[in-house]
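S.K.: I am attaching a structure below and will ask some questions about it afterwards.
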Amino acid sequence: MPTEYFLIGGAVLVALLVLIMLFKAVWRVAEPNEALIISGLGARGKSELADSLGFKIITGKGTSVLPGFQTARRLRLDSRAANLQVSCVTQQGIPVVVKGVVIYKVGDDLHSIANAARRFLDQQDSMNGAIHELFTGHLRSIIGNLTVEDLILNRERLTGETRASAADEMIKLGLIVDSLQIQEIEDETGYITNLGKPHAARIAASARIAEAQRDQEATEAEQIAAANKASAWRDAQIKQAAYQAEIDEAQARSRQAGPLSEASARQEVVVQETRAAELEAALAEQRLQAQVRKPADARAYETVTLSQAERDARIAQAEAEARETELRAAAQASQVKQAAAAEAESVRLRGLAAAEATKATGLGEAEAAKARGLAAAEAAQAQGLAEAEAARAKGLAEAESIRARAQALAENQEAVIAQQLAENWPQIVESGAKAFGNVDHMVVLNGAQGIEEMLAKALTLGGTGLGLARSLLNGATPNGVTSNGTGPETNGKAVDPAP
C-alpha cells in the first residue's frame, strides 16, 4: 500500500515537471522594450491590420508559440543613436563638415512595428547605417541652400528642416526621431574663425578699454586718497596752529588782565556818564515838551478853535438875522395882503349892501350898477396896493439878506466860501467826474494812488473857481471897479480911468 502511494506521487510529480517544461517551451513573453513577431501556422491578429500582415505582433504580454509550427522573433523597441559626420558645401561655396547625432527608435504603433520588422528584423544592427545615410543626404541638400552664418546662428532651422524632409522616409521605415542635434560645424578654409575675429577684436578692445578705465579709476582713487591724506594733514596743521594761537592769545590775555580790567573799568565809567548825560538830555526835552511846547500848542489850538467858533457864530448870526428879516418881510407882506383883501372884501360887501339898499329904496337900477362899479374899482385898487406892498417888503428882505451876506463876506470870506463849497460839493464832484465820462479805456500805472491823483486833478477845477471868487470878493470886478464904486487906487489916491 505505501509503495503504490509513492509510485502515484512520483508519476504526478513527473507529469507536473513535464507540463512545466512544455509550457515554458511553448509560452513566450514580450519585454517592455521589445515586440514579438510570430509567424507560421495560424499566426494571425485579431484586427484587420494584423490579419493583413501575415504575422502576429505581441507587445507587453505573453502568447503561446507552437514549436515546429510557429516561430517567435524579437524586435527591439528601445532608443538608438547614430552619429552623423557630413561633408558638404554651403550656398556660398564654402566646404564645411557638420557633426551631429540622431536619436531614434521603432514606433510604438503596430504599423511602425510591422514596417520596421519587414526591413530590420534580421538586420537590426544595420539601422544606424541606414539612418546615417538617410540624414546625410538630407543634410547635404539643406546645407546647400544655407550660408555659414545661418548654420552658426540658426541651428534650430537646420534641424527642423532636416527632420521635416526625412519624416516620410522614417515613417516608411517604421522609425521615429526622438532628437536631432548638430554638435559641431567645421571648415577647412577658416571662414568661421575669421567670422569671429571682428567680434573677438571688439571684445578684446572692450576688455582693454575696461582694463584701462579700471586702471584710470584706480589711479584716480589713489590720487584722491593721497589728496585726502594731504588735506587731512593740512587740516591737522591748521587746527594745531589755531589751537596754538588760542593758547598764545590766552597767555597774552592773562598777561594783560590788569591793564585790561582797568581800561574796562574806565570804559564802564564813560558809558555810565554817557547814559546819565543822555537821560538828562531826555529829561530836559520832556520838560520842554511839558512846560513850553504843549502849553503853546494848547494855546494855539485854543486860539484857532475860538476864532473858528466866533467866525461860525457870526456867520450863523448873520444868516439868522437875514432869515429873520426875510420872514418878517414875508409876514408883513402877508399881513398887508390879507388886510388889503379884507378891506377889498369889506368895500365890496358895503357896495353890495349899498346897492341893495339903493335898489330897496327905489333909486333905480342905474344907481345900483354905479355902486357895484365903484366897489369893484376900490377892491381892485386895494388889491393892487397890497401886492405892491408885498413886493416892496420882499425886495427889502432880499436887500437885507444880501447886505447881511456881504457883511459876513467882508468879515470872513473864507468861511462863507467854504460854506458855499460845502453846500455845492456834490455838484462840484459830479462836474469834475464828467471829465471821465467819454473815456472808453483807461490804463492806470500806479493803481489806487493814480486814480486818486486823477480825481484830485479833476477837482482842482473847483480850486480855480475858488480863486476867482476870492478875487471878486476882495473888491475886483471885470471892469476894474471896486465894491465901493471907485476905480483902482495908487498909494491911497484914486486914479481916473482912462478915457
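The chains in the C-alpha cells are called A, B, ... from first to last as shown; in each chain the residues are counted from 1, and the ligands are counted from 1 in the order shown.
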Quick one: residues within 10 Å of segment 184-189 of chain A, only C-alpha atoms counted, chain neighbours fewer than 3 positions away excluded, as a PyMOL selection string?
M.R.: chain A and resi 85-89+94-100+148+151-152+181+192-194
S.K.: Just the strand (DSSP E or B) stuff from segment 160-273 of chain A, please, per backbone DSSP, written as a VMD selection string.
M.R.: chain A and resid 175 to 187
S.K.: Please dump the current selection as an mmCIF file, in the first residue's frame; keep C-alpha atoms.
M.R.:
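Full text of part.cif as output:
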data_model
loop_
_atom_site.group_PDB
_atom_site.id
_atom_site.type_symbol
_atom_site.label_atom_id
_atom_site.label_comp_id
_atom_site.auth_asym_id
_atom_site.auth_seq_id
_atom_site.Cartn_x
_atom_site.Cartn_y
_atom_site.Cartn_z
ATOM 1 C CA LEU A 175 11.094 54.686 -37.134
ATOM 2 C CA ILE A 176 10.591 57.977 -35.247
ATOM 3 C CA VAL A 177 13.186 60.600 -34.400
ATOM 4 C CA ASP A 178 13.402 61.487 -30.729
ATOM 5 C CA SER A 179 16.146 64.099 -31.183
ATOM 6 C CA LEU A 180 18.435 65.545 -33.827
ATOM 7 C CA GLN A 181 21.311 67.701 -32.644
ATOM 8 C CA ILE A 182 24.003 69.497 -34.643
ATOM 9 C CA GLN A 183 27.075 69.224 -32.441
ATOM 10 C CA GLU A 184 29.815 70.872 -34.447
ATOM 11 C CA ILE A 185 30.469 72.700 -37.700
ATOM 12 C CA GLU A 186 33.997 72.770 -39.068
ATOM 13 C CA ASP A 187 35.508 74.393 -42.141
#
S.K.: Just checking: using only C-alpha atoms, which residue out of A:Arg403, A:Leu173, A:Ala201, A:Ile58 ends up closest to Gly107 of chain A?
M.R.: A:Leu173
S.K.: Out of A:Ile8, A:Ala399, A:Leu283, A:Leu349, which residue has the shortest atom-to-atom distance to Ala376 of chain A when counting only C-alpha atoms?
M.R.: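 Counting only C-alpha atoms, the residue closest to Ala376 of chain A is A:Leu349.
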S.K.: Rounded to one decimal place, report the atom CA of Ala341 of chain A-atom CA of Glu389 of chain A distance in Å.
M.R.: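 That distance, rounded to one decimal, is 12.5 Å.
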S.K.: Could you pull the residues within 8 Å of Thr162 of chain A, counting only C-alpha atoms, minus those fewer than 3 positions along the same chain, as a list in words?
M.R.: Phe135, His138, Leu139, Ile142, Leu158, Thr159, Ser165 and Ala166 of chain A
S.K.: Could you save those same residues with N, CA, C and O atoms as a PDB file, in the first residue's frame?
M.R.:
ATOM      1  N   PHE A 135      20.003  60.642 -43.223  1.00  0.00           N
ATOM      2  CA  PHE A 135      20.153  62.034 -42.744  1.00  0.00           C
ATOM      3  C   PHE A 135      21.323  62.740 -43.403  1.00  0.00           C
ATOM      4  O   PHE A 135      21.305  63.969 -43.529  1.00  0.00           O
ATOM      5  N   HIS A 138      19.889  64.240 -46.631  1.00  0.00           N
ATOM      6  CA  HIS A 138      19.032  65.404 -46.364  1.00  0.00           C
ATOM      7  C   HIS A 138      19.841  66.606 -45.865  1.00  0.00           C
ATOM      8  O   HIS A 138      19.550  67.750 -46.240  1.00  0.00           O
ATOM      9  N   LEU A 139      20.857  66.370 -45.015  1.00  0.00           N
ATOM     10  CA  LEU A 139      21.681  67.488 -44.530  1.00  0.00           C
ATOM     11  C   LEU A 139      22.432  68.161 -45.669  1.00  0.00           C
ATOM     12  O   LEU A 139      22.539  69.383 -45.719  1.00  0.00           O
ATOM     13  N   ILE A 142      19.968  70.361 -47.591  1.00  0.00           N
ATOM     14  CA  ILE A 142      19.511  71.555 -46.870  1.00  0.00           C
ATOM     15  C   ILE A 142      20.659  72.537 -46.673  1.00  0.00           C
ATOM     16  O   ILE A 142      20.499  73.756 -46.851  1.00  0.00           O
ATOM     17  N   LEU A 158      18.016  74.453 -39.182  1.00  0.00           N
ATOM     18  CA  LEU A 158      18.637  73.319 -39.864  1.00  0.00           C
ATOM     19  C   LEU A 158      18.058  72.001 -39.382  1.00  0.00           C
ATOM     20  O   LEU A 158      17.673  71.137 -40.192  1.00  0.00           O
ATOM     21  N   THR A 159      17.975  71.830 -38.087  1.00  0.00           N
ATOM     22  CA  THR A 159      17.435  70.576 -37.558  1.00  0.00           C
ATOM     23  C   THR A 159      15.962  70.407 -37.893  1.00  0.00           C
ATOM     24  O   THR A 159      15.499  69.298 -38.200  1.00  0.00           O
ATOM     25  N   SER A 165      12.083  67.020 -43.728  1.00  0.00           N
ATOM     26  CA  SER A 165      12.353  66.371 -45.029  1.00  0.00           C
ATOM     27  C   SER A 165      12.520  64.856 -44.903  1.00  0.00           C
ATOM     28  O   SER A 165      12.231  64.113 -45.847  1.00  0.00           O
ATOM     29  N   ALA A 166      12.962  64.390 -43.730  1.00  0.00           N
ATOM     30  CA  ALA A 166      13.168  62.943 -43.536  1.00  0.00           C
ATOM     31  C   ALA A 166      11.973  62.260 -42.916  1.00  0.00           C
ATOM     32  O   ALA A 166      12.013  61.043 -42.647  1.00  0.00           O
TER      33      ALA A 166
END
S.K.: Quick one: distance from atom CA of Glu319 of chain A to atom CA of Glu398 of chain A in Å, one decimal?
M.R.: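 Separating atom CA of Glu319 of chain A from atom CA of Glu398 of chain A is a distance of 12.2 Å.
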